[in-house]
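Q: One structure is given below, represented as structure tokens, and several questions about it will come after.
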Amino acid sequence: MTGQSPVLRLEGIVKTFPGVRALDGVSLSILPGEVHALMGENGAGKSTLMKVLGGIHQPDEGTIYVGEEPVVMSGPLEAKAKGIMFIHQELSLAGELSVAENIYLGELPRKRFGLVDWVDLERKTNDSLSRLKVGFNARTRVGDLSIANQQMVEIARALTVDAKAVIFDEPTASLTDAEKVVLFEVIADLQSQGVGIAYISHRMEEIFRITDRISVLRDGQYRGTVNTSETDEESVTQMMIGRKLDLSRLASHHELGDVALEVRGLCCGDLFEDVSFSVRSGEVVGFYGLVGAGRTEIAETLFGLREPSAGTILLNGEELRIASPADAIARGISLVPEDRKTQGLVLGMNCRDNMTLPQISDLKAGPFVAEGAEVAIFDQYRDKLDIRTPGWKQMVGNLSGGNQQKIVIAKWLSMHPNVLIVDEPTRGIDVGSKSEIHNLIRDLAAHGYAVIVISSEMPEVLHVSDRIVAMYSGRVMRTFTSEEVTEDTLIQAISGLTPGQAA
Amino acid sequence: MAPGTLSTFLKRGAIWGFIVLELIFFTVAGHLLAVGEKTFMDLDNLLLLFKQSAPIGIIAMGMTIVMVNGNIDLSVGATYALSAVVLLDAMTWPIFGGLGDWVIPVACLLALLTGLFLGAINGIIVWKTGVDAFIVTLGAMLGYRGLVFMYNGEQPTSHLNWTLVDFAEAQFLGLHTATWFLLLVTVAMWFLMNRTVHGRNAYAIGDNREAAVNAGIKVGPHMMINFMIIGFLAALSAVVFYAESGSVNPNDGSLYELWVITAVVLGGTKLAGGSGSIIGTFGGVLAIQLLRKGLSHIGADTSTVNLVIGLILIAVLLLDRQLNVKGKGELKT
């Protein structure tokens, strides 16, 4: 591979956003015909780097070379014209438009007078789609497709131009195995044509299967590049987080109590079906599966946000119907939602007000809000959870991700729940805070809470759970105890491979 | 029939079903109440209805593309009035004295340019400042209306040009001039939104702005063009209407923005953008005009008409929500 000149080269790229140095002198080169993995934790700067490459952001310092010549890309179309394609995650689509229009978004083929050349558009699109072996055509409305198929639409964009380099941003996050195979074929195909590929993914097994080299970013800084064949998962992880990852379970020995929450045969439309499990107080149950496996939807059903179509929910042995979140809260079920910034917090409000939000109507002194009681609650949980903030007046939006998450957890703890559901507790949180949150979850279980943890990160699930429920496309595939679980069996279960013993 | 086809059909065809329902209702009610001598479904009556739909209808076509684009324009009523003032007043300006009847195209052109210009102001503010279109055009609505009053105080601006009146009252193939303009604008806008790159990009921007930006679509210029289109159409609507009436009150066209938005929403365009159709809007315009005419046909007064239209608008949106619920698994809000 040496001797070839890179198709794409970055030198000393610096990108700052107000208050953050997102990229700090990153250099990277992508050779023709190689798959180059870009790894790093959330917030390490991968996405920013890719956006710089794709022409969406302009670097503050440093140079991008396409082939031999330095280029300045002022927009996505210019990047595309230079042969750099950026394949976004599935969100970058317009649901009301057709597949063809989405694939050629921004550069629909034209006839005279700015008219769209529909014939040409459809022919070209169907050509690309046939290479992807998908079951929809150019005219399908994107909003009617499944998430996986939407991702395939996004991938089809890579095939529409004579690309020199293609950037894939977590393309497999929502794909099923069958589609992954097709994607890898597409990548191999591009590779054989001498296209350089930048591949972002969190999934180690993919990285080691298809990539040639791995570059690692940490906190906006370039940590080095290694040949995939000469390294292993452990050392890559070490490069990413700066230390060895402790995969062992957090041992905290305490007695398990009675069954706090039991779910029997719960169904909700076509989101999930026949889900049964139980959580005892003092126990942490992890839910693991791919995006779209129905984990979040179960949590939302338990929290009264969705109406189950069948099945029963028992709380402390008593059957009940949860009609609304208010109902769930009153019964002692709390949900720390997936997206804390849009679902869990009011970013423009201060720490104290966010924390007391669910119980503010009870904190009254006459007709007024009892400020003293509010501050008392805030102080109590700030000390308990070690929330680092200058004071209760601080806007939640200004806190770090870890502290924001603690505010959300504190909000629910102050309601004294029996069951705490935590959805993706450490998404977008740095390593240090991550382990703090993990310890906190174990700690809460030790204090007798029944905790459900939903996570897409295997180390996290393995780390905190007493039992793990593996889900695949709306079904519980298997329930593991922490003693019997291995990474292999867990991956098999969430891929729907072995419908082993039912839960 | 595939699942969902029925509800899709209901949603697409709803406005036309509603129009048929109105026709039946007013015909029957007209007979039963034995008001007027004529039946409601009279040909002349329906031709008149088309003609009267034109002022709102022409603007509604522009509002459709602006709303599909994810914006809104509240200033159309004021733009309409100001363009009308320019149209009628320009015909009396001494510099055009020697032109004779050639003053008509000149005045029309000036009025249309006024609309185009006012729309461009809205567009450039929305584009360059990033302020929400609702706020920008709310300000413009007050500001432009202020200009109308500054022009001639509380006095109406009047000028009747009989050549122009003859043109406006002419009927070609049975349809009035105003109706022809409405149809022409409808066809042109349908073409623009479904067949041109600009139209398709407008959908993309309204649907998922970030995706559009990522794809390199220049969002600002598209929005500006759409604001210019609606400004132009508001002016065109004024030209069509005042050619015949010859006198504009400074308060003319107020509440037009609300009628227009009502028609567009009835026609199935989403307030959030990304979805909507010109044909639907055409149906919405006809439905509202039918309702106004029909209610007065059976003897209801203006206040009742407004009440009924308001109730129907809310009922339609409720129905739409019900049809859009994806089943029991839907997330509650």
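In the structure tokens, chains take the letters A, B, ... in the order shown, each chain's residues start at 1, and ligands count up from 1 in the order shown.
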If we count only C-alpha atoms, what is near Met471 (chain A) at a cut-off of 7 Å, once residues fewer than 5 positions away on the same chain are taken out, given as a PyMOL selection string?

A: chain A and resi 288-289+293+476-477+494

Q: Enumerate as JSON, numbers by chain the residues belonging to chain A that approach chain B to within 9 Å, with only C-alpha atoms taken into account.

A: {"A": [54, 55, 56, 75, 76, 77, 78, 86, 88, 91, 92, 93, 94, 95, 96, 97, 101, 102, 104, 105, 106, 107, 108, 109, 110, 113, 114, 115, 116, 117, 118, 268, 269, 270, 271, 297, 300, 301, 304, 305, 306, 307, 308, 309, 324]}

Q: Write out as a list in words the set of residues from region 184-222 of chain A that DSSP, computed on the backbone, places in strand (DSSP E or B).

A: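 Taking region 184-222 of chain A and keeping strand (DSSP E or B) gives Gly196, Ile197, Ala198, Tyr199, Ile200, Arg213, Ile214, Ser215, Val216, Leu217, Arg218, Gln221 and Tyr222 of chain A.
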
Q: Could you dump the residues just selected with N, CA and C atoms as a PDB file, in the first residue's frame?

A:
ATOM      1  N   GLY A 196     -11.297   5.445  -2.149  1.00  0.00           N
ATOM      2  CA  GLY A 196     -10.896   5.419  -0.749  1.00  0.00           C
ATOM      3  C   GLY A 196     -12.136   5.542   0.127  1.00  0.00           C
ATOM      4  N   ILE A 197     -12.190   4.755   1.198  1.00  0.00           N
ATOM      5  CA  ILE A 197     -13.391   4.766   2.017  1.00  0.00           C
ATOM      6  C   ILE A 197     -13.050   5.088   3.460  1.00  0.00           C
ATOM      7  N   ALA A 198     -13.739   6.080   3.996  1.00  0.00           N
ATOM      8  CA  ALA A 198     -13.627   6.378   5.417  1.00  0.00           C
ATOM      9  C   ALA A 198     -14.857   5.789   6.083  1.00  0.00           C
ATOM     10  N   TYR A 199     -14.638   5.021   7.117  1.00  0.00           N
ATOM     11  CA  TYR A 199     -15.720   4.253   7.698  1.00  0.00           C
ATOM     12  C   TYR A 199     -15.779   4.517   9.190  1.00  0.00           C
ATOM     13  N   ILE A 200     -16.907   5.097   9.614  1.00  0.00           N
ATOM     14  CA  ILE A 200     -17.077   5.353  11.046  1.00  0.00           C
ATOM     15  C   ILE A 200     -18.022   4.309  11.604  1.00  0.00           C
ATOM     16  N   ARG A 213      -7.084  -0.063   7.717  1.00  0.00           N
ATOM     17  CA  ARG A 213      -6.348   0.682   8.727  1.00  0.00           C
ATOM     18  C   ARG A 213      -7.346   1.349   9.671  1.00  0.00           C
ATOM     19  N   ILE A 214      -6.890   1.659  10.849  1.00  0.00           N
ATOM     20  CA  ILE A 214      -7.741   2.303  11.843  1.00  0.00           C
ATOM     21  C   ILE A 214      -7.051   3.553  12.355  1.00  0.00           C
ATOM     22  N   SER A 215      -7.762   4.667  12.303  1.00  0.00           N
ATOM     23  CA  SER A 215      -7.242   5.880  12.934  1.00  0.00           C
ATOM     24  C   SER A 215      -8.118   6.204  14.126  1.00  0.00           C
ATOM     25  N   VAL A 216      -7.492   6.673  15.162  1.00  0.00           N
ATOM     26  CA  VAL A 216      -8.241   6.904  16.390  1.00  0.00           C
ATOM     27  C   VAL A 216      -8.160   8.376  16.795  1.00  0.00           C
ATOM     28  N   LEU A 217      -9.297   8.921  17.168  1.00  0.00           N
ATOM     29  CA  LEU A 217      -9.363  10.279  17.700  1.00  0.00           C
ATOM     30  C   LEU A 217      -9.740  10.206  19.170  1.00  0.00           C
ATOM     31  N   ARG A 218      -9.173  11.114  19.937  1.00  0.00           N
ATOM     32  CA  ARG A 218      -9.622  11.239  21.322  1.00  0.00           C
ATOM     33  C   ARG A 218      -9.636  12.724  21.683  1.00  0.00           C
ATOM     34  N   GLN A 221      -8.229  15.120  19.308  1.00  0.00           N
ATOM     35  CA  GLN A 221      -6.830  14.984  18.900  1.00  0.00           C
ATOM     36  C   GLN A 221      -6.605  13.649  18.214  1.00  0.00           C
ATOM     37  N   TYR A 222      -5.669  13.668  17.284  1.00  0.00           N
ATOM     38  CA  TYR A 222      -5.327  12.469  16.536  1.00  0.00           C
ATOM     39  C   TYR A 222      -4.429  11.597  17.394  1.00  0.00           C
TER      40      TYR A 222
END

Q: For Glu436 (chain A), list every protein, DNA or RNA residue within 10 Å, evaluated using only C-alpha atoms, and leave out those in the same chain fewer than 4 positions away; present the list as a list in words.

A: Leu385, Asp386, Gly402, Lys406, Thr426, Val431, Gly432, Leu440, Ile441 and Arg442 of chain A

Q: Can you spit out the residues from that selection as a compact mmCIF listing (two decimals), in the first residue's frame, using N, CA and C atoms?

A:
# COMPACT_ATOMS: atom_id res chain seq x y z
N LEU A 385 -25.48 12.75 44.51
CA LEU A 385 -25.02 12.27 43.20
C LEU A 385 -23.74 12.97 42.75
N ASP A 386 -23.24 13.86 43.59
CA ASP A 386 -22.01 14.57 43.24
C ASP A 386 -22.16 15.30 41.90
N GLY A 402 -22.47 14.46 31.44
CA GLY A 402 -22.57 13.61 32.62
C GLY A 402 -23.39 14.26 33.72
N LYS A 406 -27.06 13.33 35.40
CA LYS A 406 -27.28 13.19 36.84
C LYS A 406 -28.47 14.02 37.29
N THR A 426 -25.57 6.59 29.05
CA THR A 426 -24.29 7.29 28.85
C THR A 426 -24.06 7.74 27.42
N VAL A 431 -15.77 9.43 29.01
CA VAL A 431 -15.42 8.18 29.69
C VAL A 431 -15.49 8.29 31.21
N GLY A 432 -14.93 9.37 31.73
CA GLY A 432 -14.88 9.51 33.17
C GLY A 432 -16.27 9.51 33.78
N LEU A 440 -23.18 4.77 39.82
CA LEU A 440 -24.42 5.29 40.40
C LEU A 440 -25.55 4.29 40.21
N ILE A 441 -25.62 3.70 39.00
CA ILE A 441 -26.69 2.74 38.73
C ILE A 441 -26.58 1.53 39.66
N ARG A 442 -25.35 1.03 39.81
CA ARG A 442 -25.16 -0.10 40.74
C ARG A 442 -25.55 0.29 42.15

Q: Take CA of Glu483 (chain A) and CA of Glu234 (chain A) and report the distance between them in Å, one decimal.

A: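 Atom-to-atom, CA of Glu483 (chain A) and CA of Glu234 (chain A) are spaced 21.8 Å apart.
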
Q: Do you know which residues are at most 6 Å from region 155-159 of chain B counting only C-alpha atoms, after dropping those on the same chain fewer than 6 positions away, and could you put them as a list of chain:residue names?

A: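 Result of the neighbour search: B:Leu88, B:Gly246, B:Ser247, B:Val248, B:Asn249.
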
Q: Taking a cut-off of 10 Å and counting only C-alpha atoms, can you build a table that, for each residue of region 41-77 of chain B near region 229-239 of chain B, reports the nearest atom pair and how far apart they are in Å (one decimal), sorted by chain then residue number, as CSV?

A:
residue,atom,partner,partner_atom,distance
B:Ala54,CA,B:Ser237,CA,7.2
B:Pro55,CA,B:Ser237,CA,4.9
B:Ile56,CA,B:Ser237,CA,7.6
B:Gly57,CA,B:Ser237,CA,8.4
B:Ile58,CA,B:Ser237,CA,5.9
B:Ile59,CA,B:Ala234,CA,5.2
B:Ala60,CA,B:Ile230,CA,8.4
B:Met61,CA,B:Ile230,CA,7.9
B:Gly62,CA,B:Ile230,CA,4.3
B:Met63,CA,B:Ile230,CA,6.3
B:Thr64,CA,B:Ile230,CA,9.0
B:Ile65,CA,B:Ile230,CA,8.3
B:Val66,CA,B:Ile230,CA,7.4
B:Asp73,CA,B:Ile230,CA,8.1
B:Ser75,CA,B:Gly231,CA,8.7
B:Val76,CA,B:Ala234,CA,5.9
B:Gly77,CA,B:Ala234,CA,7.6

Q: What would the file look like if the residues just selected were written as a short mmCIF file (atom, residue, chain, number, x, y, z; two decimals), in the first residue's frame with C-alpha atoms?

A:
data_model
loop_
_atom_site.label_atom_id
_atom_site.label_comp_id
_atom_site.auth_asym_id
_atom_site.auth_seq_id
_atom_site.Cartn_x
_atom_site.Cartn_y
_atom_site.Cartn_z
CA ALA B 54 -60.13 34.27 -7.70
CA PRO B 55 -58.75 36.94 -5.31
CA ILE B 56 -58.25 34.50 -2.41
CA GLY B 57 -57.44 31.62 -4.73
CA ILE B 58 -54.60 33.31 -6.60
CA ILE B 59 -52.89 34.24 -3.34
CA ALA B 60 -53.53 30.76 -1.90
CA MET B 61 -51.49 29.21 -4.70
CA GLY B 62 -48.51 31.28 -3.57
CA MET B 63 -49.20 30.50 0.07
CA THR B 64 -49.07 26.79 -0.74
CA ILE B 65 -45.48 26.92 -1.95
CA VAL B 66 -44.46 29.20 0.91
CA ASP B 73 -46.66 34.86 4.86
CA SER B 75 -48.43 40.14 4.89
CA VAL B 76 -50.37 39.14 1.77
CA GLY B 77 -53.46 41.20 2.63
#

Q: Find the residues around region 179-192 of chain A up to 8 Å (only C-alpha atoms counted), leave out those fewer than 5 positions away in its own chain, and share them as a count of residues only.

A: 11

Q: Just want the 8 Å neighbourhood of Ile313 (chain A), counted on only C-alpha atoms, with same-chain residues fewer than 4 positions away dropped. Output as a PDB file with N, CA and C atoms, in the first residue's frame.

A:
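Resulting contents of selection-v3.pdb:
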ATOM      1  N   LEU A 261     -41.334  -5.424  39.473  1.00  0.00           N
ATOM      2  CA  LEU A 261     -42.088  -5.194  38.241  1.00  0.00           C
ATOM      3  C   LEU A 261     -42.091  -6.481  37.441  1.00  0.00           C
ATOM      4  N   GLU A 262     -43.262  -6.863  37.006  1.00  0.00           N
ATOM      5  CA  GLU A 262     -43.324  -8.046  36.167  1.00  0.00           C
ATOM      6  C   GLU A 262     -44.173  -7.725  34.955  1.00  0.00           C
ATOM      7  N   VAL A 263     -43.724  -8.199  33.813  1.00  0.00           N
ATOM      8  CA  VAL A 263     -44.435  -7.945  32.570  1.00  0.00           C
ATOM      9  C   VAL A 263     -44.712  -9.289  31.925  1.00  0.00           C
ATOM     10  N   ARG A 264     -45.968  -9.523  31.545  1.00  0.00           N
ATOM     11  CA  ARG A 264     -46.328 -10.807  30.951  1.00  0.00           C
ATOM     12  C   ARG A 264     -46.979 -10.594  29.594  1.00  0.00           C
ATOM     13  N   LEU A 266     -46.502  -8.800  26.992  1.00  0.00           N
ATOM     14  CA  LEU A 266     -46.826  -7.436  26.566  1.00  0.00           C
ATOM     15  C   LEU A 266     -46.620  -7.263  25.052  1.00  0.00           C
ATOM     16  N   LEU A 302     -44.141   1.138  29.483  1.00  0.00           N
ATOM     17  CA  LEU A 302     -44.171   1.038  30.948  1.00  0.00           C
ATOM     18  C   LEU A 302     -44.383   2.402  31.585  1.00  0.00           C
ATOM     19  N   GLU A 319     -51.743  -6.158  39.459  1.00  0.00           N
ATOM     20  CA  GLU A 319     -51.928  -5.839  38.051  1.00  0.00           C
ATOM     21  C   GLU A 319     -52.418  -4.405  37.916  1.00  0.00           C
ATOM     22  N   LEU A 320     -51.885  -3.690  36.948  1.00  0.00           N
ATOM     23  CA  LEU A 320     -52.346  -2.319  36.800  1.00  0.00           C
ATOM     24  C   LEU A 320     -52.251  -1.865  35.353  1.00  0.00           C
ATOM     25  N   ARG A 321     -52.941  -0.789  35.089  1.00  0.00           N
ATOM     26  CA  ARG A 321     -52.942  -0.210  33.761  1.00  0.00           C
ATOM     27  C   ARG A 321     -52.343   1.187  33.893  1.00  0.00           C
TER      28      ARG A 321
END

Q: DSSP says alpha helix (DSSP H) for which residues of region 282-502 of chain A? Put them as a ChimeraX atom specification?

A: /A:295-302,325-330,351-355,371-385,401-413,431-446,458-464,487-494

Q: Set the distance at 8 Å and use only C-alpha atoms: which residues neighbour Leu31 (chain A) once local chain neighbours fewer than 5 positions away are removed? I'd like the list as a list of chain:residue names.

A: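 Once the adjacent positions are removed, what remains is A:Met1, A:Gln4, A:Ser5, A:Pro6, A:Val7, A:Leu8, A:Gly196.
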
Q: Select, from A:Met204, A:Val346, A:Leu175, A:Leu314, the residue with the minimum atom-to-atom distance to Pro459 (chain A), counting only C-alpha atoms.

A: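 Counting only C-alpha atoms, the residue closest to Pro459 (chain A) is A:Met204.
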